[in-house]
Structure formats: structure tokens, C-alpha cells
Amino acid sequence: MTGPLRLEPPGVGGSTSTPAHAVRLRRLNRWQAETLREDLADLYVESARTQAGQEYRGREAFLRRLTGDIRRAGFALLVAEDTALAGCAYGFPVPREGTWWRGFDGPLPQSVERLTASGHVFAITEIVVHPHTDEHGLARRLQERLLADHHASLGATLVDEADAPAFGAFLSWGWHDIGAIRRPSDPMVLRPSAPVLLRALVLPLGPRTPARPDGLAHEHRTQRPD
């Protein structure tokens, strides 16, 4: 699920208070991600809306998520840098067998199911932006670049239903809420017996036409090589 991000009012995603080149984006491979994991965890703690005394648990939970995702096929990480780390976003292609959607409440929309089976869905599992970065819209810029780099037809992410600011930010960026997913909670953060209710969000990346106002590609497309 996504992590803390800098929230801007709807409609300002493209504006910046400093030139766009002031913060540069850089892709990291798995080895580079491993070597930078402690710095990324520090960025997370500095950016998180965490209650006093909970920083250590939040940091450890972030490191567990990062370690697990690094092991996934197709893992990709972008970092944003100016004089220091300003943000990061990472994720991986959603497996064609649909395990990403496990725990979904009700039937999965057919268009989403088809795109998943064809290998055209990319999941963004974490977006972190330092609250003191000067570039507005950095979270949106990170996610758009990550999805574009992987030629995805559909972005996917999960947001804690209780995190209203993050949920509202994603909707303002054009993401659609397609339903709820229940996942086991992190035993280090919440009680293991309390599952987390997450909102499943998707970002259609196809052209919007009168026939397809949602931007979802319904036609058959050439599958990518495994």
C-alpha cells in the first residue's frame, strides 16, 4: 500500500514553485535499491504522519514492505533528488494470475481482469515525498514516470480506507475507486486479528473516447513476453 506523500490541492499537480529540473528523477536497479534501503527508510520516517513513539515500528514496517517488493519480478524504483532524497516511488507488474486482487470484495471489473491477464497492469506500492521538498506535484510526477517507464495500460494501488487525505489526493489525480480489499494487518503495527480495509484504486492510461470514457483498453492487445 502507498506510504506518505505530500498532498497538494486538486489541480496544482503540474505547477512547481521551483523549476522542474531542480528535482531530478533517477531509476534504481535491485542492487541499488538494496544499498539505499536505510536512506529510504529514513526518508519514510521523516515524511510519515506517525504518532510520537511509533517511528521505529513504522520504519521497520516500511523496510519489510520494501524488502518483500524488491524480491518481486519486475520490481522498479524511482527516487527524486535535489540536494538530498526528496521522494521515491516503487512497485512491480501485477501478476497475470491476479494474486494482487486477492481479498477483493465482489467480482473484479472485467476490464481490469482482462488487463491483468494480459500483463498490462503495474502496481505502485509506495509513494513517499518529503514534506519539505520545494517541488509541488512531485508525488504525481513520480507515479506518472513510473507507469510510463513500464508502458502500463493501467496503474493500480491500495490505500488504507482510514487515510482520507491520501485517498482524496489519488482521486484528484484521476484514479478511480473500484472497490474494497481486505488484507491481514502488519503484526508489528496493528493487532494481527484486525484485517485492514483498503480501497483498490486504478489509473486508466489509455486514450479517453466517447466509447471508452474511462480510458480502459477493452480490445485484445499483444501480450508482453514473460
# chains A, B, ... in the order shown; residues from 1 in each chain; ligands from 1

call {"tool": "closest_atom_pairs", "arguments": {"of": "segment 113-178 of chain A", "to": "segment 21-30 of chain A", "cutoff": "10 Å", "atoms": "only C-alpha atoms", "output": "CSV"}}
result
residue,atom,partner,partner_atom,distance
A:Thr133,CA,A:Val23,CA,8.7
A:Asp134,CA,A:Val23,CA,8.5
A:Glu135,CA,A:Val23,CA,7.1
A:Leu138,CA,A:Val23,CA,8.5
A:Arg141,CA,A:Leu25,CA,9.1
A:Leu142,CA,A:Leu25,CA,7.6
A:Arg145,CA,A:Leu25,CA,8.6
A:Leu146,CA,A:Arg27,CA,8.9
A:Asp149,CA,A:Arg27,CA,9.6

call {"tool": "residues_around", "arguments": {"residues": "Leu203 of chain A", "least_positions_apart": "5", "cutoff": "12 Å", "atoms": "only C-alpha atoms", "output": "PDB file with C-alpha atoms, in the first residue's frame"}}
result
ATOM      1  CA  VAL A 112      -9.418  -4.751 -15.025  1.00  0.00           C
ATOM      2  CA  HIS A 120      -0.557  -4.579 -18.670  1.00  0.00           C
ATOM      3  CA  VAL A 121      -1.186  -3.552 -15.052  1.00  0.00           C
ATOM      4  CA  PHE A 122       1.548  -2.024 -12.892  1.00  0.00           C
ATOM      5  CA  ALA A 123       1.097  -1.723  -9.134  1.00  0.00           C
ATOM      6  CA  ILE A 124       2.537   1.262  -7.298  1.00  0.00           C
ATOM      7  CA  ARG A 140       2.149  12.819  -9.170  1.00  0.00           C
ATOM      8  CA  GLN A 143       3.826   7.936 -10.312  1.00  0.00           C
ATOM      9  CA  GLU A 144       3.373   9.114 -13.901  1.00  0.00           C
ATOM     10  CA  LEU A 147       3.917   3.963 -15.070  1.00  0.00           C
ATOM     11  CA  ALA A 148       5.202   5.463 -18.325  1.00  0.00           C
ATOM     12  CA  ALA A 152       1.395   0.198 -18.426  1.00  0.00           C
ATOM     13  CA  SER A 153      -2.206   0.423 -19.604  1.00  0.00           C
ATOM     14  CA  LEU A 154      -3.463   0.566 -16.039  1.00  0.00           C
ATOM     15  CA  GLY A 155      -1.945   1.678 -12.751  1.00  0.00           C
ATOM     16  CA  ALA A 156      -3.069   0.005  -9.529  1.00  0.00           C
ATOM     17  CA  THR A 157      -2.591   0.885  -5.893  1.00  0.00           C
ATOM     18  CA  LEU A 158      -4.116   0.232  -2.480  1.00  0.00           C
ATOM     19  CA  PHE A 170      -5.334   9.956  -5.573  1.00  0.00           C
ATOM     20  CA  LEU A 171      -8.889  10.716  -6.669  1.00  0.00           C
ATOM     21  CA  SER A 172      -7.856  14.279  -7.551  1.00  0.00           C
ATOM     22  CA  TRP A 173      -5.115  12.825  -9.791  1.00  0.00           C
ATOM     23  CA  GLY A 174      -7.604  10.810 -11.819  1.00  0.00           C
ATOM     24  CA  TRP A 175      -7.515   7.467 -10.002  1.00  0.00           C
ATOM     25  CA  HIS A 176     -10.794   5.519  -9.739  1.00  0.00           C
ATOM     26  CA  ASP A 177     -12.035   3.625  -6.684  1.00  0.00           C
ATOM     27  CA  ILE A 178     -13.175   0.187  -7.888  1.00  0.00           C
ATOM     28  CA  ASP A 214     -12.937   5.578 -18.551  1.00  0.00           C
ATOM     29  CA  GLY A 215      -9.773   5.236 -20.659  1.00  0.00           C
ATOM     30  CA  LEU A 216      -9.681   1.470 -20.148  1.00  0.00           C
ATOM     31  CA  ALA A 217      -8.485  -0.564 -23.106  1.00  0.00           C
TER      32      ALA A 217
END

call {"tool": "closest_residue", "arguments": {"among": "A:His132, A:Leu36, A:Pro165, A:Pro195", "to": "Val79 of chain A", "atoms": "only C-alpha atoms"}}
result
A:Leu36

call {"tool": "closest_residue", "arguments": {"among": "A:Asp160, A:Asp69, A:Asp42, A:Glu34", "to": "Tyr56 of chain A", "atoms": "only C-alpha atoms"}}
result
A:Asp42

call {"tool": "select_by_dssp", "arguments": {"residues": "segment 43-157 of chain A", "states": "alpha helix (DSSP H)", "output": "ChimeraX atom specification"}}
result
/A:43-47,55-70,110-117,138-149

call {"tool": "select_by_dssp", "arguments": {"residues": "segment 120-160 of chain A", "states": "strand (DSSP E or B)", "output": "MDAnalysis selection string"}}
result
chainID A and resid 121:129 154:160

call {"tool": "residues_around", "arguments": {"residues": "Tyr90 of chain A", "least_positions_apart": "6", "cutoff": "7 Å", "atoms": "only C-alpha atoms", "output": "list in words"}}
result
Ala76, Leu77, Leu78, Ile124, Thr125, Glu126 and Ile127 of chain A

call {"tool": "write_last_selection", "arguments": {"atoms": "C-alpha atoms", "output": "JSON list (two decimals), in the first residue's frame"}}
result
[["chain", "number", "residue", "atom", "x", "y", "z"],
["A", 76, "ALA", "CA", 11.18, -0.91, -10.19],
["A", 77, "LEU", "CA", 12.17, 2.05, -8.04],
["A", 78, "LEU", "CA", 12.37, 5.76, -8.82],
["A", 124, "ILE", "CA", 2.54, 1.26, -7.30],
["A", 125, "THR", "CA", 3.02, 0.02, -3.78],
["A", 126, "GLU", "CA", 4.71, 3.02, -2.18],
["A", 127, "ILE", "CA", 4.97, 6.74, -2.81]]

call {"tool": "closest_residue", "arguments": {"among": "A:Ala166, A:Leu115, A:Leu205, A:Val196", "to": "Pro95 of chain A", "atoms": "only C-alpha atoms"}}
result
A:Leu115

call {"tool": "atom_distance", "arguments": {"atom1": "atom CA of Arg65 of chain A", "atom2": "atom CA of Leu197 of chain A"}}
result
17.4 Å

call {"tool": "closest_residue", "arguments": {"among": "A:Leu40, A:Ala86, A:Ala162, A:Ala169", "to": "Val129 of chain A", "atoms": "only C-alpha atoms"}}
result
A:Ala86
